[in-house]
Structures are given as structure tokens and as C-alpha cells.
file coords.pdb (PDB, C-alpha atoms)
ATOM      1  CA  MET A   1     -18.071  -5.050  -0.518
ATOM      2  CA  ARG A   2     -14.627  -5.902   0.696
ATOM      3  CA  GLU A   3     -11.756  -3.530   0.733
ATOM      4  CA  TYR A   4      -8.420  -4.683  -0.631
ATOM      5  CA  GLU A   5      -4.984  -3.230  -0.975
ATOM      6  CA  THR A   6      -2.635  -4.309  -3.746
ATOM      7  CA  VAL A   7       1.010  -3.334  -3.812
ATOM      8  CA  TYR A   8       3.328  -4.268  -6.633
ATOM      9  CA  ILE A   9       6.869  -3.532  -7.669
ATOM     10  CA  LEU A  10       7.638  -2.488 -11.224
ATOM     11  CA  ASP A  11      10.867  -2.901 -13.124
ATOM     12  CA  PRO A  12      12.969   0.253 -12.579
ATOM     13  CA  ALA A  13      13.857   0.539 -16.250
ATOM     14  CA  MET A  14      10.334   1.649 -17.121
ATOM     15  CA  THR A  15       9.682   5.168 -18.310
ATOM     16  CA  GLU A  16       7.173   7.585 -16.771
ATOM     17  CA  ALA A  17       4.680   6.896 -19.507
ATOM     18  CA  GLU A  18       4.910   3.163 -18.997
ATOM     19  CA  VAL A  19       4.372   3.547 -15.259
ATOM     20  CA  LYS A  20       1.267   5.631 -15.895
ATOM     21  CA  GLY A  21       0.125   3.073 -18.434
ATOM     22  CA  SER A  22       0.427   0.370 -15.835
ATOM     23  CA  LEU A  23      -1.610   2.406 -13.338
ATOM     24  CA  THR A  24      -4.406   2.950 -15.830
ATOM     25  CA  LYS A  25      -4.342  -0.678 -16.906
ATOM     26  CA  TYR A  26      -5.045  -1.920 -13.403
ATOM     27  CA  SER A  27      -7.512   0.877 -12.683
ATOM     28  CA  ASP A  28      -9.427  -0.279 -15.736
ATOM     29  CA  ILE A  29      -9.465  -3.858 -14.515
ATOM     30  CA  ILE A  30     -10.943  -2.735 -11.220
ATOM     31  CA  ALA A  31     -13.516  -0.569 -12.952
ATOM     32  CA  HIS A  32     -14.394  -3.416 -15.307
ATOM     33  CA  HIS A  33     -15.408  -5.541 -12.339
ATOM     34  CA  ASN A  34     -17.522  -2.729 -10.876
ATOM     35  CA  GLY A  35     -15.066  -2.071  -8.135
ATOM     36  CA  SER A  36     -14.267   1.398  -6.908
ATOM     37  CA  ILE A  37     -10.808   2.740  -6.316
ATOM     38  CA  PHE A  38     -10.173   4.698  -3.160
ATOM     39  CA  ARG A  39      -6.519   5.491  -3.634
ATOM     40  CA  SER A  40      -3.863   4.849  -6.180
ATOM     41  CA  ALA A  41      -0.323   5.915  -5.534
ATOM     42  CA  ASN A  42       3.059   5.679  -7.127
ATOM     43  CA  LEU A  43       5.297   5.555  -4.097
ATOM     44  CA  GLY A  44       8.324   6.211  -6.260
ATOM     45  CA  LYS A  45      11.515   4.476  -7.176
ATOM     46  CA  LYS A  46      12.878   2.964  -4.008
ATOM     47  CA  ASN A  47      15.808   0.813  -3.064
ATOM     48  CA  LEU A  48      14.905  -2.797  -2.571
ATOM     49  CA  ALA A  49      16.097  -4.462   0.596
ATOM     50  CA  PHE A  50      17.485  -7.342  -1.461
ATOM     51  CA  ARG A  51      17.969  -8.129  -5.132
ATOM     52  CA  ILE A  52      14.875  -9.255  -6.984
ATOM     53  CA  LYS A  53      15.543 -10.547 -10.494
ATOM     54  CA  LYS A  54      18.967  -8.856 -10.351
ATOM     55  CA  GLN A  55      17.365  -5.411  -9.779
ATOM     56  CA  THR A  56      18.257  -3.207  -6.841
ATOM     57  CA  LYS A  57      15.532  -0.549  -7.251
ATOM     58  CA  GLY A  58      11.903  -0.627  -8.194
ATOM     59  CA  TYR A  59       8.773   1.480  -8.548
ATOM     60  CA  TYR A  60       6.290   0.768  -5.783
ATOM     61  CA  ILE A  61       2.654   1.147  -6.799
ATOM     62  CA  ALA A  62      -0.178   0.806  -4.331
ATOM     63  CA  PHE A  63      -3.882   0.520  -4.983
ATOM     64  CA  ASP A  64      -6.541   0.789  -2.343
ATOM     65  CA  TYR A  65      -9.846  -0.395  -3.748
ATOM     66  CA  CYS A  66     -13.082  -2.084  -2.995
ATOM     67  CA  GLY A  67     -14.787  -4.883  -4.873
ATOM     68  CA  ASP A  68     -15.859  -8.516  -4.800
ATOM     69  CA  ASN A  69     -13.663 -11.571  -5.108
ATOM     70  CA  THR A  70     -13.600 -11.618  -8.919
ATOM     71  CA  VAL A  71     -11.664  -8.332  -8.890
ATOM     72  CA  VAL A  72      -8.881  -9.875  -6.882
ATOM     73  CA  SER A  73      -8.506 -13.013  -8.939
ATOM     74  CA  ASP A  74      -8.436 -10.996 -12.154
ATOM     75  CA  MET A  75      -5.904  -8.509 -10.778
ATOM     76  CA  GLU A  76      -3.618 -11.257  -9.551
ATOM     77  CA  ARG A  77      -3.868 -13.156 -12.805
ATOM     78  CA  ASN A  78      -2.796 -10.035 -14.702
ATOM     79  CA  LEU A  79      -0.067  -9.227 -12.216
ATOM     80  CA  LYS A  80       1.300 -12.723 -12.573
ATOM     81  CA  LEU A  81       1.340 -12.562 -16.367
ATOM     82  CA  ASP A  82       2.919  -9.118 -16.592
ATOM     83  CA  GLU A  83       6.656  -9.568 -17.075
ATOM     84  CA  LYS A  84       7.572  -6.123 -15.806
ATOM     85  CA  ILE A  85       6.190  -6.768 -12.362
ATOM     86  CA  LEU A  86       8.704  -8.144  -9.916
ATOM     87  CA  ARG A  87       6.510  -8.811  -6.886
ATOM     88  CA  TYR A  88       2.929  -8.242  -5.884
ATOM     89  CA  LEU A  89       0.836  -8.609  -2.775
ATOM     90  CA  THR A  90      -2.889  -8.271  -2.206
ATOM     91  CA  VAL A  91      -4.203  -7.845   1.283
ATOM     92  CA  LYS A  92      -7.775  -7.777   2.478
ATOM     93  CA  MET A  93      -8.288  -4.717   4.606
ATOM     94  CA  ASP A  94     -11.901  -4.855   5.594
ATOM     95  CA  GLU A  95     -15.214  -6.616   5.140
ATOM     96  CA  ASP A  96     -18.524  -4.910   4.544
ATOM     97  CA  VAL A  97     -17.297  -1.539   3.510
ATOM     98  CA  ASP A  98     -19.727   1.149   2.518
ATOM     99  CA  VAL A  99     -18.119   2.788  -0.503
ATOM    100  CA  GLU A 100     -19.260   6.358   0.006
ATOM    101  CA  ALA A 101     -18.604   6.356   3.718
ATOM    102  CA  ARG A 102     -15.089   5.057   3.211
ATOM    103  CA  LYS A 103     -14.334   7.588   0.488
ATOM    104  CA  GLN A 104     -15.503  10.336   2.779
ATOM    105  CA  GLN A 105     -13.407   8.932   5.598
ATOM    106  CA  LEU A 106     -10.301   8.995   3.425
ATOM    107  CA  ILE A 107     -10.967  12.555   2.322
ATOM    108  CA  ASP A 108     -11.407  13.584   5.951
ATOM    109  CA  GLU A 109      -8.204  11.829   6.943
ATOM    110  CA  ALA A 110      -6.273  13.503   4.162
ATOM    111  CA  LYS A 111      -7.634  16.887   5.144
ATOM    112  CA  ALA A 112      -6.818  16.314   8.798
ATOM    113  CA  LEU A 113      -3.316  15.262   7.844
ATOM    114  CA  GLU A 114      -2.826  18.347   5.698
ATOM    115  CA  LEU A 115      -4.126  20.531   8.475
ATOM    116  CA  ALA A 116      -1.822  18.910  11.009
ATOM    117  CA  MET A 117       1.150  19.282   8.681
ATOM    118  CA  ALA A 118       0.349  22.939   8.036
ATOM    119  CA  GLU A 119       0.031  23.576  11.750
ATOM    120  CA  ASN A 120       3.309  21.834  12.448
ATOM    121  CA  ALA A 121       5.087  23.720   9.733
ATOM    122  CA  ALA A 122       3.772  27.022  11.017
ATOM    123  CA  LYS A 123       4.656  26.197  14.608
ATOM    124  CA  GLU A 124       8.098  24.762  14.085
ATOM    125  CA  LYS A 125       8.991  26.956  11.104
ATOM    126  CA  ARG A 126      10.863  24.214   9.360
ATOM    127  CA  PRO A 127       9.895  22.188   6.278
ATOM    128  CA  GLU A 128       8.050  18.964   7.052
ATOM    129  CA  ALA A 129       8.632  15.850   5.062
ATOM    130  CA  ALA A 130       6.260  15.769   2.129
ATOM    131  CA  THR A 131       3.603  13.110   1.989
ATOM    132  CA  GLU A 132       3.819  10.484  -0.739
ATOM    133  CA  GLY A 133       2.191  11.149  -4.064
ATOM    134  CA  VAL A 134      -1.136   9.764  -2.966
ATOM    135  CA  THR A 135      -4.289  10.728  -4.777
ATOM    136  CA  LEU A 136      -7.789   9.774  -3.840
ATOM    137  CA  GLN A 137     -10.462   8.179  -5.942
ATOM    138  CA  GLY A 138      -8.421   6.765  -8.700
ATOM    139  CA  GLU A 139      -6.703   9.804 -10.094
ATOM    140  CA  VAL A 140      -3.312   9.075 -11.553
ATOM    141  CA  PRO A 141      -0.653  11.183  -9.792
ATOM    142  CA  ASN A 142       2.410  12.530 -11.521
ATOM    143  CA  ALA A 143       5.021  10.576  -9.632
TER     144      ALA A 143
ATOM    145  CA  MET B 144      10.066  -6.415  32.724
ATOM    146  CA  ARG B 145       8.754  -2.851  32.919
ATOM    147  CA  LYS B 146       5.062  -2.141  32.708
ATOM    148  CA  LYS B 147       5.180  -0.501  29.276
ATOM    149  CA  THR B 148       1.870   0.216  27.638
ATOM    150  CA  CYS B 149       1.275  -1.038  24.138
ATOM    151  CA  ARG B 150       1.739   1.804  21.686
ATOM    152  CA  PHE B 151      -1.126   0.595  19.538
ATOM    153  CA  CYS B 152      -3.574   0.162  22.374
ATOM    154  CA  ALA B 153      -2.798   3.653  23.647
ATOM    155  CA  ASP B 154      -3.287   5.362  20.300
ATOM    156  CA  LYS B 155      -6.212   3.839  18.457
ATOM    157  CA  GLY B 156      -5.474   5.673  15.238
ATOM    158  CA  LEU B 157      -1.976   4.272  14.795
ATOM    159  CA  ARG B 158      -1.910   1.831  11.915
ATOM    160  CA  LEU B 159       0.763  -0.597  10.878
ATOM    161  CA  ASP B 160       1.798   0.119   7.326
ATOM    162  CA  PHE B 161       3.858  -2.650   5.816
ATOM    163  CA  LYS B 162       4.958  -0.341   2.994
ATOM    164  CA  ASN B 163       6.739   2.060   5.313
ATOM    165  CA  PRO B 164      10.382   1.094   5.913
ATOM    166  CA  GLN B 165      10.823   3.570   8.771
ATOM    167  CA  GLN B 166       7.924   2.164  10.720
ATOM    168  CA  MET B 167       8.838  -1.445  10.010
ATOM    169  CA  GLY B 168      12.442  -0.722  10.926
ATOM    170  CA  LEU B 169      11.350  -0.032  14.491
ATOM    171  CA  TYR B 170      10.388  -3.677  14.979
ATOM    172  CA  ILE B 171      13.409  -5.470  13.592
ATOM    173  CA  ASN B 172      16.940  -5.655  14.935
ATOM    174  CA  GLU B 173      20.139  -4.965  12.995
ATOM    175  CA  ARG B 174      20.221  -8.526  11.680
ATOM    176  CA  GLY B 175      16.691  -8.192  10.339
ATOM    177  CA  LYS B 176      15.078 -10.394  13.009
ATOM    178  CA  ILE B 177      11.714  -9.452  14.475
ATOM    179  CA  LEU B 178      12.052  -8.054  17.988
ATOM    180  CA  PRO B 179      10.337  -9.902  20.820
ATOM    181  CA  ARG B 180       7.530  -8.390  22.865
ATOM    182  CA  ARG B 181       9.754  -7.279  25.688
ATOM    183  CA  PHE B 182      11.509  -4.904  23.297
ATOM    184  CA  THR B 183       8.571  -3.700  21.271
ATOM    185  CA  GLY B 184       6.378  -3.278  24.322
ATOM    186  CA  ALA B 185       3.287  -4.401  22.434
ATOM    187  CA  CYS B 186       0.421  -6.442  23.755
ATOM    188  CA  SER B 187       0.011  -9.973  22.407
ATOM    189  CA  LYS B 188      -2.608  -9.079  19.803
ATOM    190  CA  HIS B 189      -0.554  -6.236  18.397
ATOM    191  CA  GLN B 190       2.635  -8.249  18.517
ATOM    192  CA  ARG B 191       0.954 -10.760  16.215
ATOM    193  CA  ASP B 192      -0.083  -7.886  13.924
ATOM    194  CA  ILE B 193       3.466  -6.528  13.957
ATOM    195  CA  THR B 194       4.836  -9.931  13.023
ATOM    196  CA  LEU B 195       2.409 -10.236  10.140
ATOM    197  CA  ALA B 196       3.225  -6.743   8.907
ATOM    198  CA  VAL B 197       6.986  -7.366   9.032
ATOM    199  CA  LYS B 198       6.576 -10.613   7.120
ATOM    200  CA  ARG B 199       4.580  -8.823   4.440
ATOM    201  CA  ALA B 200       7.178  -6.049   4.329
ATOM    202  CA  ARG B 201       9.869  -8.663   3.823
ATOM    203  CA  LEU B 202       7.995 -10.126   0.876
ATOM    204  CA  LEU B 203       7.851  -6.709  -0.771
ATOM    205  CA  ALA B 204      11.556  -6.033  -0.109
ATOM    206  CA  VAL B 205      10.769  -3.146   2.215
ATOM    207  CA  VAL B 206      12.929  -4.756   4.891
ATOM    208  CA  PRO B 207      15.464  -7.533   4.324
ATOM    209  CA  TYR B 208      15.017 -11.123   5.423
ATOM    210  CA  THR B 209      18.519 -11.146   6.881
ATOM    211  CA  ALA B 210      21.038  -8.344   7.251
ATOM    212  CA  THR B 211      23.635 -10.068   5.113
ATOM    213  CA  GLN B 212      21.201  -9.834   2.205
ATOM    214  CA  SER B 213      21.356  -6.040   2.145
ATOM    215  CA  ARG B 214      24.978  -6.070   1.071
ATOM    216  CA  VAL B 215      23.972  -6.084  -2.607
TER     217      VAL B 215
END

call {"tool": "encode", "arguments": {"input": "coords.pdb", "output": "C-alpha cells"}}
result
Amino acid sequence: MREYETVYILDPAMTEAEVKGSLTKYSDIIAHHNGSIFRSANLGKKNLAFRIKKQTKGYYIAFDYCGDNTVVSDMERNLKLDEKILRYLTVKMDEDVDVEARKQQLIDEAKALELAMAENAAKEKRPEAATEGVTLQGEVPNA
Amino acid sequence: MRKKTCRFCADKGLRLDFKNPQQMGLYINERGKILPRRFTGACSKHQRDITLAVKRARLLAVVPYTATQSRV
């Protein structure tokens, strides 16, 4: 199975509930095609580098998932039709990914990162920048 | 031209993330143009990867196409 990453930008006028709704909508599409989600993250409301559809900010949502080619075409079709989405991009990350091994790898990486951050914070005794609201395995984070 | 080692060859775990404006900002100049290899110090393979990542970042408005654009 191939691993893909989809990033899209949502209209900044959306409420929290609508953002969560959008996350679940696309998670359901992936699940419908028997794909498996490794990570889904709301990277927050960020400033855009240039105006898109007269907007200067947008919610960045990133999905990291694994599936076959029908997942991608369905996701992109829905992303194109959704009026609240300003831009989207799907990138192929890897071929021939073993789902369980990759999930485990991501968990290990997250743990190692947390450990490194904790060590740094203890050593330097100053607050480290928080990581983004990333959750593993398709849980919906609270922004 | 100094013999600078490629940052990505030296550290295998370092990944280019096109969603990260701080990382992408290292590879563009103040006008938004992609820096050539003699400034980034990357090897040819990783310079191509950097270019691809910056172009994707531009599409997603993580970095501007030109600096004049950011005066919104």
C-alpha cells in the first residue's frame, strides 16, 4: 500500500465544529476505501504568504494516510468540490508500506521526540516550543 | 567555494517538511527566490529535493512566490 500525505487549507471563517466536521468527513472517505490513517492534524490558523480568494489566513489540515489509488482520486474529487477549501495538495510519500510497521515507527518517533523535548526542557530549564496538535492513528485533535 | 558538507547527507533523519515555514525559509532569499547550491551547501540530489519542497510550499502559501506578494 502506498503512503500519501494530503494538506489542505480551509476558509478561516469556519467554526471549530465545522473544522472537526471536515476532519471526520475526510477520515471517513479514507476509511471507506479501506485505507488507514496514520496521522491527522489541524496545524491551526496560520497567515497565508499571499492572498487566496481574498483571504489572508487559513486553517491548515494535514492527513498522513495509506491506501490504494482510489483513495486519492476520491479525496481529490471531494476536495475540489468543497467550496470551503482554498487549496489542496496530495503527495505520495512512499511505496510498499507495511501498515503496522509504519504505525509503530510513528509512535516510536513521537515518543523519541517527547523524550528529547523533556530532556531539553530539564537541561535548559526553559520552555520549549510546543509541538503541533498532531495525533496518531486518526484521532481528531482539539485544535 | 568551501567544502561544506550537505546537511541532509550528514544527518540521515533530517526530513524536508514543506509545511514548515521556518525550515522552508532557510532556502529562499528575501525576495522569495530559491537559493542556489553554493548558499544552501546541499548536494545535487538534496538540492533537487529542496527545490521541489519549496515549490510545494509556495503552492500551499507557506512561503510567497515573490516578496512583493507578501505585502497584503

call {"tool": "interface_residues", "arguments": {"input": "coords.pdb", "of": "chain A", "to": "chain B", "cutoff": "6 Å", "atoms": "all atoms listed in the file", "output": "list in words"}}
result
Leu48, Ala49 and Phe50 of chain A

call {"tool": "residues_around", "arguments": {"input": "coords.pdb", "residues": "region 55-67 of chain A", "least_positions_apart": "3", "cutoff": "9 Å", "atoms": "all atoms listed in the file", "output": "MDAnalysis selection string"}}
result
(chainID A and resid 1:14 19 23 26:27 30 33:52 70:72 86 97 99 137:138) or (chainID B and resid 162 215)

call {"tool": "closest_residue", "arguments": {"input": "coords.pdb", "among": "B:Cys149, B:Lys198, B:Gly168, B:Phe161", "to": "Cys186 (chain B)", "atoms": "only C-alpha atoms"}}
result
B:Cys149

call {"tool": "closest_residue", "arguments": {"input": "coords.pdb", "among": "B:His189, B:Asp160, B:Pro179, B:Gly184", "to": "Val91 (chain A)", "atoms": "all atoms listed in the file"}}
result
B:Asp160

call {"tool": "atom_distance", "arguments": {"input": "coords.pdb", "atom1": "CA of Asp154 (chain B)", "atom2": "CA of Thr90 (chain A)"}}
result
26.3 Å

call {"tool": "atom_distance", "arguments": {"input": "coords.pdb", "atom1": "CA of Leu81 (chain A)", "atom2": "CA of Asn69 (chain A)"}}
result
18.8 Å

call {"tool": "atom_distance", "arguments": {"input": "coords.pdb", "atom1": "CA of Phe182 (chain B)", "atom2": "CA of Met167 (chain B)"}}
result
14.0 Å

call {"tool": "residues_around", "arguments": {"input": "coords.pdb", "residues": "Arg180 (chain B)", "least_positions_apart": "2", "cutoff": "12 Å", "atoms": "all atoms listed in the file", "output": "PDB file with C-alpha atoms, in the frame of the given file"}}
result
ATOM      1  CA  MET B 144      10.066  -6.415  32.724  1.00  0.00           C
ATOM      2  CA  ARG B 145       8.754  -2.851  32.919  1.00  0.00           C
ATOM      3  CA  LYS B 146       5.062  -2.141  32.708  1.00  0.00           C
ATOM      4  CA  LYS B 147       5.180  -0.501  29.276  1.00  0.00           C
ATOM      5  CA  THR B 148       1.870   0.216  27.638  1.00  0.00           C
ATOM      6  CA  CYS B 149       1.275  -1.038  24.138  1.00  0.00           C
ATOM      7  CA  ARG B 150       1.739   1.804  21.686  1.00  0.00           C
ATOM      8  CA  TYR B 170      10.388  -3.677  14.979  1.00  0.00           C
ATOM      9  CA  ILE B 171      13.409  -5.470  13.592  1.00  0.00           C
ATOM     10  CA  ILE B 177      11.714  -9.452  14.475  1.00  0.00           C
ATOM     11  CA  LEU B 178      12.052  -8.054  17.988  1.00  0.00           C
ATOM     12  CA  PHE B 182      11.509  -4.904  23.297  1.00  0.00           C
ATOM     13  CA  THR B 183       8.571  -3.700  21.271  1.00  0.00           C
ATOM     14  CA  GLY B 184       6.378  -3.278  24.322  1.00  0.00           C
ATOM     15  CA  ALA B 185       3.287  -4.401  22.434  1.00  0.00           C
ATOM     16  CA  CYS B 186       0.421  -6.442  23.755  1.00  0.00           C
ATOM     17  CA  SER B 187       0.011  -9.973  22.407  1.00  0.00           C
ATOM     18  CA  LYS B 188      -2.608  -9.079  19.803  1.00  0.00           C
ATOM     19  CA  HIS B 189      -0.554  -6.236  18.397  1.00  0.00           C
ATOM     20  CA  GLN B 190       2.635  -8.249  18.517  1.00  0.00           C
ATOM     21  CA  ARG B 191       0.954 -10.760  16.215  1.00  0.00           C
ATOM     22  CA  ASP B 192      -0.083  -7.886  13.924  1.00  0.00           C
ATOM     23  CA  ILE B 193       3.466  -6.528  13.957  1.00  0.00           C
ATOM     24  CA  THR B 194       4.836  -9.931  13.023  1.00  0.00           C
TER      25      THR B 194
END
